[in-house]
Amino acid sequence: DTNPIYKTEPRLIVEVQSDWKRDQFEKRFVYQQVDSLEEYLIIDPESEAPKAWLYQRSRDWADRVLVPPESVLLESIDLELSFDQIYESL
């Protein structure tokens, strides 16, 4: 996309939330309507144990709960990250 403020054709959306259940279902439904979107990753930085939820178009948007020592493979941008790498930047 060429717009400097927002993207209209994202392949990946990453969201960091403290209360993800509150609006996760509504957002996921809206995001699924974006033709270019391939993956939606939600990271919960406030849970007792690191946790992430990954939704992928290639898996019919079925949720995958990821916990260490699993790594997060973002196929849309060909990037694999450990939880340490993710939480390091929060």
# chains A, B, ... in the order shown; residues from 1 in each chain; ligands from 1

$ residues_around --residues "region 72-82 of chain A" --least-positions-apart "6" --cutoff "7 Å" --atoms "only C-alpha atoms" --output "compact mmCIF listing (two decimals) with N, CA, C and O atoms, in the first residue's frame"
# COMPACT_ATOMS: atom_id res chain seq x y z
N ARG A 11 -1.52 -8.09 4.75
CA ARG A 11 -1.43 -9.55 4.73
C ARG A 11 -1.46 -10.10 6.15
O ARG A 11 -1.84 -11.23 6.37
N LEU A 12 -1.02 -9.26 7.09
CA LEU A 12 -0.90 -9.69 8.48
C LEU A 12 -1.35 -8.55 9.40
O LEU A 12 -0.99 -7.40 9.18
N GLU A 38 -4.11 -12.60 5.32
CA GLU A 38 -3.77 -14.02 5.41
C GLU A 38 -3.69 -14.51 6.85
O GLU A 38 -3.98 -15.67 7.13
N GLU A 39 -3.28 -13.60 7.77
CA GLU A 39 -3.08 -14.02 9.16
C GLU A 39 -3.45 -12.90 10.13
O GLU A 39 -3.26 -11.72 9.83

$ residues_around --residues "region 42-55 of chain A" --least-positions-apart "5" --cutoff "7 Å" --atoms "only C-alpha atoms" --output "ChimeraX atom specification"
/A:14-18,61-68

$ atom_distance --atom1 "CA of Val34 (chain A)" --atom2 "CA of Lys7 (chain A)"
11.2 Å

$ select_by_dssp --residues "chain A" --states "strand (DSSP E or B)" --output "mmCIF file with all heavy atoms, in the first residue's frame"
data_model
loop_
_atom_site.group_PDB
_atom_site.id
_atom_site.type_symbol
_atom_site.label_atom_id
_atom_site.label_comp_id
_atom_site.auth_asym_id
_atom_site.auth_seq_id
_atom_site.Cartn_x
_atom_site.Cartn_y
_atom_site.Cartn_z
ATOM 1 N N LEU A 12 -1.021 -9.264 7.095
ATOM 2 C CA LEU A 12 -0.897 -9.688 8.483
ATOM 3 C C LEU A 12 -1.347 -8.554 9.400
ATOM 4 O O LEU A 12 -0.995 -7.396 9.177
ATOM 5 C CB LEU A 12 0.569 -10.030 8.781
ATOM 6 C CG LEU A 12 0.969 -10.222 10.228
ATOM 7 C CD1 LEU A 12 0.325 -11.469 10.817
ATOM 8 C CD2 LEU A 12 2.490 -10.292 10.349
ATOM 9 N N ILE A 13 -2.123 -8.915 10.410
ATOM 10 C CA ILE A 13 -2.475 -7.971 11.474
ATOM 11 C C ILE A 13 -2.011 -8.600 12.774
ATOM 12 O O ILE A 13 -2.343 -9.759 13.064
ATOM 13 C CB ILE A 13 -3.988 -7.678 11.532
ATOM 14 C CG1 ILE A 13 -4.425 -6.938 10.260
ATOM 15 C CG2 ILE A 13 -4.329 -6.861 12.777
ATOM 16 C CD1 ILE A 13 -5.917 -6.708 10.163
ATOM 17 N N VAL A 14 -1.229 -7.841 13.556
ATOM 18 C CA VAL A 14 -0.765 -8.290 14.862
ATOM 19 C C VAL A 14 -1.349 -7.341 15.891
ATOM 20 O O VAL A 14 -1.231 -6.124 15.759
ATOM 21 C CB VAL A 14 0.780 -8.284 14.961
ATOM 22 C CG1 VAL A 14 1.221 -8.686 16.358
ATOM 23 C CG2 VAL A 14 1.378 -9.195 13.896
ATOM 24 N N GLU A 15 -1.962 -7.916 16.900
ATOM 25 C CA GLU A 15 -2.618 -7.108 17.914
ATOM 26 C C GLU A 15 -2.142 -7.534 19.291
ATOM 27 O O GLU A 15 -2.086 -8.730 19.591
ATOM 28 C CB GLU A 15 -4.123 -7.309 17.795
ATOM 29 C CG GLU A 15 -4.924 -6.417 18.655
ATOM 30 C CD GLU A 15 -6.395 -6.445 18.274
ATOM 31 O OE1 GLU A 15 -6.744 -6.885 17.164
ATOM 32 O OE2 GLU A 15 -7.191 -6.040 19.125
ATOM 33 N N VAL A 16 -1.807 -6.562 20.121
ATOM 34 C CA VAL A 16 -1.407 -6.820 21.500
ATOM 35 C C VAL A 16 -2.558 -6.314 22.370
ATOM 36 O O VAL A 16 -2.900 -5.145 22.325
ATOM 37 C CB VAL A 16 -0.098 -6.090 21.861
ATOM 38 C CG1 VAL A 16 0.262 -6.321 23.320
ATOM 39 C CG2 VAL A 16 1.028 -6.521 20.931
ATOM 40 N N GLU A 39 -3.276 -13.603 7.768
ATOM 41 C CA GLU A 39 -3.084 -14.019 9.159
ATOM 42 C C GLU A 39 -3.446 -12.900 10.128
ATOM 43 O O GLU A 39 -3.257 -11.723 9.831
ATOM 44 C CB GLU A 39 -1.626 -14.413 9.404
ATOM 45 C CG GLU A 39 -1.200 -15.628 8.617
ATOM 46 C CD GLU A 39 0.275 -15.914 8.757
ATOM 47 O OE1 GLU A 39 1.084 -15.030 8.428
ATOM 48 O OE2 GLU A 39 0.594 -17.033 9.186
ATOM 49 N N TYR A 40 -3.951 -13.336 11.275
ATOM 50 C CA TYR A 40 -4.308 -12.421 12.358
ATOM 51 C C TYR A 40 -3.725 -13.017 13.636
ATOM 52 O O TYR A 40 -4.078 -14.131 14.028
ATOM 53 C CB TYR A 40 -5.822 -12.299 12.420
ATOM 54 C CG TYR A 40 -6.403 -11.510 13.570
ATOM 55 C CD1 TYR A 40 -5.789 -10.376 14.079
ATOM 56 C CD2 TYR A 40 -7.612 -11.891 14.135
ATOM 57 C CE1 TYR A 40 -6.349 -9.651 15.114
ATOM 58 C CE2 TYR A 40 -8.189 -11.176 15.169
ATOM 59 C CZ TYR A 40 -7.552 -10.058 15.656
ATOM 60 O OH TYR A 40 -8.117 -9.342 16.687
ATOM 61 N N LEU A 41 -2.809 -12.303 14.270
ATOM 62 C CA LEU A 41 -2.115 -12.774 15.466
ATOM 63 C C LEU A 41 -2.487 -11.879 16.641
ATOM 64 O O LEU A 41 -2.382 -10.651 16.546
ATOM 65 C CB LEU A 41 -0.598 -12.750 15.254
ATOM 66 C CG LEU A 41 0.285 -13.117 16.440
ATOM 67 C CD1 LEU A 41 0.061 -14.570 16.860
ATOM 68 C CD2 LEU A 41 1.743 -12.860 16.117
ATOM 69 N N ILE A 42 -2.917 -12.511 17.742
ATOM 70 C CA ILE A 42 -3.235 -11.776 18.961
ATOM 71 C C ILE A 42 -2.259 -12.232 20.031
ATOM 72 O O ILE A 42 -2.077 -13.429 20.253
ATOM 73 C CB ILE A 42 -4.670 -12.067 19.434
ATOM 74 C CG1 ILE A 42 -5.675 -11.682 18.357
ATOM 75 C CG2 ILE A 42 -4.961 -11.318 20.739
ATOM 76 C CD1 ILE A 42 -7.077 -12.155 18.643
ATOM 77 N N ILE A 43 -1.643 -11.268 20.692
ATOM 78 C CA ILE A 43 -0.664 -11.550 21.739
ATOM 79 C C ILE A 43 -1.209 -11.012 23.057
ATOM 80 O O ILE A 43 -1.657 -9.870 23.118
ATOM 81 C CB ILE A 43 0.689 -10.899 21.418
ATOM 82 C CG1 ILE A 43 1.213 -11.433 20.092
ATOM 83 C CG2 ILE A 43 1.687 -11.130 22.542
ATOM 84 C CD1 ILE A 43 2.343 -10.636 19.517
ATOM 85 N N ASP A 44 -1.161 -11.832 24.085
ATOM 86 C CA ASP A 44 -1.625 -11.422 25.409
ATOM 87 C C ASP A 44 -0.422 -11.225 26.321
ATOM 88 O O ASP A 44 0.133 -12.200 26.821
ATOM 89 C CB ASP A 44 -2.565 -12.481 25.974
ATOM 90 C CG ASP A 44 -3.109 -12.085 27.332
ATOM 91 O OD1 ASP A 44 -2.796 -10.986 27.824
ATOM 92 O OD2 ASP A 44 -3.871 -12.883 27.901
ATOM 93 N N LYS A 51 1.174 -16.319 25.857
ATOM 94 C CA LYS A 51 0.175 -16.989 25.046
ATOM 95 C C LYS A 51 -0.120 -16.121 23.826
ATOM 96 O O LYS A 51 -0.069 -14.898 23.890
ATOM 97 C CB LYS A 51 -1.091 -17.170 25.863
ATOM 98 C CG LYS A 51 -2.109 -18.103 25.280
ATOM 99 C CD LYS A 51 -3.369 -18.187 26.133
ATOM 100 C CE LYS A 51 -3.072 -18.695 27.521
ATOM 101 N NZ LYS A 51 -4.282 -18.857 28.349
ATOM 102 N N ALA A 52 -0.442 -16.791 22.714
ATOM 103 C CA ALA A 52 -0.829 -16.079 21.507
ATOM 104 C C ALA A 52 -1.878 -16.895 20.773
ATOM 105 O O ALA A 52 -1.939 -18.120 20.919
ATOM 106 C CB ALA A 52 0.378 -15.838 20.605
ATOM 107 N N TRP A 53 -2.693 -16.217 20.001
ATOM 108 C CA TRP A 53 -3.699 -16.869 19.179
ATOM 109 C C TRP A 53 -3.418 -16.497 17.739
ATOM 110 O O TRP A 53 -3.255 -15.321 17.409
ATOM 111 C CB TRP A 53 -5.103 -16.398 19.554
ATOM 112 C CG TRP A 53 -5.514 -16.824 20.916
ATOM 113 C CD1 TRP A 53 -6.268 -17.900 21.240
ATOM 114 C CD2 TRP A 53 -5.185 -16.193 22.155
ATOM 115 N NE1 TRP A 53 -6.430 -17.983 22.596
ATOM 116 C CE2 TRP A 53 -5.773 -16.940 23.179
ATOM 117 C CE3 TRP A 53 -4.440 -15.066 22.500
ATOM 118 C CZ2 TRP A 53 -5.650 -16.604 24.529
ATOM 119 C CZ3 TRP A 53 -4.318 -14.732 23.828
ATOM 120 C CH2 TRP A 53 -4.913 -15.500 24.823
ATOM 121 N N LEU A 54 -3.369 -17.489 16.878
ATOM 122 C CA LEU A 54 -3.077 -17.253 15.465
ATOM 123 C C LEU A 54 -4.237 -17.778 14.630
ATOM 124 O O LEU A 54 -4.642 -18.930 14.764
ATOM 125 C CB LEU A 54 -1.779 -17.959 15.060
ATOM 126 C CG LEU A 54 -1.350 -17.805 13.608
ATOM 127 C CD1 LEU A 54 -1.092 -16.338 13.255
ATOM 128 C CD2 LEU A 54 -0.112 -18.645 13.324
ATOM 129 N N TYR A 55 -4.752 -16.901 13.791
ATOM 130 C CA TYR A 55 -5.825 -17.252 12.856
ATOM 131 C C TYR A 55 -5.246 -17.109 11.453
ATOM 132 O O TYR A 55 -4.627 -16.085 11.149
ATOM 133 C CB TYR A 55 -7.015 -16.302 13.020
ATOM 134 C CG TYR A 55 -7.620 -16.350 14.400
ATOM 135 C CD1 TYR A 55 -7.160 -15.523 15.413
ATOM 136 C CD2 TYR A 55 -8.638 -17.248 14.689
ATOM 137 C CE1 TYR A 55 -7.708 -15.574 16.680
ATOM 138 C CE2 TYR A 55 -9.197 -17.305 15.961
ATOM 139 C CZ TYR A 55 -8.722 -16.466 16.946
ATOM 140 O OH TYR A 55 -9.260 -16.523 18.204
ATOM 141 N N GLN A 56 -5.451 -18.117 10.622
ATOM 142 C CA GLN A 56 -4.904 -18.104 9.271
ATOM 143 C C GLN A 56 -5.980 -18.460 8.249
ATOM 144 O O GLN A 56 -6.746 -19.403 8.457
ATOM 145 C CB GLN A 56 -3.749 -19.103 9.149
ATOM 146 C CG GLN A 56 -2.576 -18.757 10.039
ATOM 147 C CD GLN A 56 -1.546 -19.848 10.076
ATOM 148 O OE1 GLN A 56 -1.853 -20.983 10.400
ATOM 149 N NE2 GLN A 56 -0.309 -19.494 9.749
ATOM 150 N N ASP A 63 -8.800 -21.167 15.050
ATOM 151 C CA ASP A 63 -7.822 -20.593 15.988
ATOM 152 C C ASP A 63 -6.792 -21.628 16.405
ATOM 153 O O ASP A 63 -7.079 -22.808 16.492
ATOM 154 C CB ASP A 63 -8.516 -20.007 17.216
ATOM 155 C CG ASP A 63 -9.176 -21.059 18.075
ATOM 156 O OD1 ASP A 63 -9.609 -22.084 17.532
ATOM 157 O OD2 ASP A 63 -9.251 -20.852 19.293
ATOM 158 N N ARG A 64 -5.592 -21.142 16.599
ATOM 159 C CA ARG A 64 -4.491 -21.942 17.141
ATOM 160 C C ARG A 64 -3.968 -21.202 18.348
ATOM 161 O O ARG A 64 -3.560 -20.050 18.247
ATOM 162 C CB ARG A 64 -3.360 -22.072 16.121
ATOM 163 C CG ARG A 64 -3.569 -23.155 15.110
ATOM 164 C CD ARG A 64 -2.377 -23.293 14.195
ATOM 165 N NE ARG A 64 -1.188 -23.723 14.922
ATOM 166 C CZ ARG A 64 0.049 -23.485 14.507
ATOM 167 N NH1 ARG A 64 0.265 -22.832 13.389
ATOM 168 N NH2 ARG A 64 1.068 -23.920 15.196
ATOM 169 N N VAL A 65 -3.981 -21.866 19.487
ATOM 170 C CA VAL A 65 -3.411 -21.274 20.690
ATOM 171 C C VAL A 65 -1.955 -21.702 20.736
ATOM 172 O O VAL A 65 -1.643 -22.882 20.667
ATOM 173 C CB VAL A 65 -4.152 -21.740 21.958
ATOM 174 C CG1 VAL A 65 -3.511 -21.137 23.196
ATOM 175 C CG2 VAL A 65 -5.626 -21.376 21.875
ATOM 176 N N LEU A 66 -1.081 -20.726 20.834
ATOM 177 C CA LEU A 66 0.360 -20.994 20.843
ATOM 178 C C LEU A 66 0.932 -20.638 22.210
ATOM 179 O O LEU A 66 0.619 -19.587 22.761
ATOM 180 C CB LEU A 66 1.058 -20.171 19.763
ATOM 181 C CG LEU A 66 0.534 -20.368 18.339
ATOM 182 C CD1 LEU A 66 1.105 -19.314 17.412
ATOM 183 C CD2 LEU A 66 0.886 -21.755 17.844
ATOM 184 N N VAL A 72 6.218 -18.957 16.733
ATOM 185 C CA VAL A 72 5.115 -18.450 15.927
ATOM 186 C C VAL A 72 5.612 -18.319 14.496
ATOM 187 O O VAL A 72 6.535 -17.554 14.222
ATOM 188 C CB VAL A 72 4.624 -17.086 16.452
ATOM 189 C CG1 VAL A 72 3.511 -16.543 15.586
ATOM 190 C CG2 VAL A 72 4.173 -17.221 17.909
ATOM 191 N N LEU A 73 5.017 -19.086 13.604
ATOM 192 C CA LEU A 73 5.389 -19.029 12.191
ATOM 193 C C LEU A 73 4.363 -18.193 11.450
ATOM 194 O O LEU A 73 3.201 -18.576 11.346
ATOM 195 C CB LEU A 73 5.467 -20.424 11.583
ATOM 196 C CG LEU A 73 5.732 -20.485 10.077
ATOM 197 C CD1 LEU A 73 7.056 -19.807 9.730
ATOM 198 C CD2 LEU A 73 5.718 -21.917 9.590
ATOM 199 N N LEU A 74 4.801 -17.038 10.968
ATOM 200 C CA LEU A 74 3.944 -16.147 10.197
ATOM 201 C C LEU A 74 4.238 -16.388 8.726
ATOM 202 O O LEU A 74 5.195 -15.843 8.166
ATOM 203 C CB LEU A 74 4.202 -14.695 10.595
ATOM 204 C CG LEU A 74 3.949 -14.396 12.074
ATOM 205 C CD1 LEU A 74 4.438 -13.017 12.437
ATOM 206 C CD2 LEU A 74 2.475 -14.586 12.405
ATOM 207 N N LEU A 79 8.242 -15.450 8.358
ATOM 208 C CA LEU A 79 8.989 -15.087 9.554
ATOM 209 C C LEU A 79 8.596 -16.013 10.694
ATOM 210 O O LEU A 79 7.409 -16.245 10.935
ATOM 211 C CB LEU A 79 8.679 -13.633 9.952
ATOM 212 C CG LEU A 79 9.340 -13.110 11.216
ATOM 213 C CD1 LEU A 79 10.858 -13.043 11.049
ATOM 214 C CD2 LEU A 79 8.771 -11.750 11.575
ATOM 215 N N GLU A 80 9.592 -16.530 11.384
ATOM 216 C CA GLU A 80 9.354 -17.362 12.557
ATOM 217 C C GLU A 80 9.974 -16.681 13.764
ATOM 218 O O GLU A 80 11.147 -16.287 13.737
ATOM 219 C CB GLU A 80 9.946 -18.753 12.367
ATOM 220 C CG GLU A 80 9.591 -19.696 13.479
ATOM 221 C CD GLU A 80 9.943 -21.140 13.160
ATOM 222 O OE1 GLU A 80 10.432 -21.427 12.054
ATOM 223 O OE2 GLU A 80 9.715 -21.983 14.038
ATOM 224 N N LEU A 81 9.171 -16.531 14.830
ATOM 225 C CA LEU A 81 9.626 -15.860 16.033
ATOM 226 C C LEU A 81 9.375 -16.732 17.246
ATOM 227 O O LEU A 81 8.340 -17.397 17.344
ATOM 228 C CB LEU A 81 8.864 -14.541 16.240
ATOM 229 C CG LEU A 81 9.024 -13.468 15.172
ATOM 230 C CD1 LEU A 81 7.992 -12.369 15.398
ATOM 231 C CD2 LEU A 81 10.425 -12.906 15.214
#

$ select_by_dssp --residues "chain A" --states "helix (DSSP H, G or I)" --output "ChimeraX atom specification"
/A:20-22,24-32,57-59,75-77,83-88

$ residues_around --residues "Asp1 (chain A)" --least-positions-apart "3" --cutoff "12 Å" --atoms "only C-alpha atoms" --output "list in words"
Pro4, Ile5, Tyr6, Lys7, Thr8, Glu9, Pro10, Arg11 and Ser36 of chain A

$ write_last_selection --atoms "C-alpha atoms" --output "compact mmCIF listing (two decimals), in the first residue's frame"
# COMPACT_ATOMS: atom_id res chain seq x y z
CA PRO A 4 1.55 6.52 4.74
CA ILE A 5 -1.08 6.54 7.51
CA TYR A 6 -2.94 3.25 7.11
CA LYS A 7 -2.88 0.12 4.98
CA THR A 8 -5.81 -1.02 2.89
CA GLU A 9 -4.42 -4.40 1.82
CA PRO A 10 -2.65 -5.96 4.82
CA ARG A 11 -1.43 -9.55 4.73
CA SER A 36 -5.70 -9.53 1.27
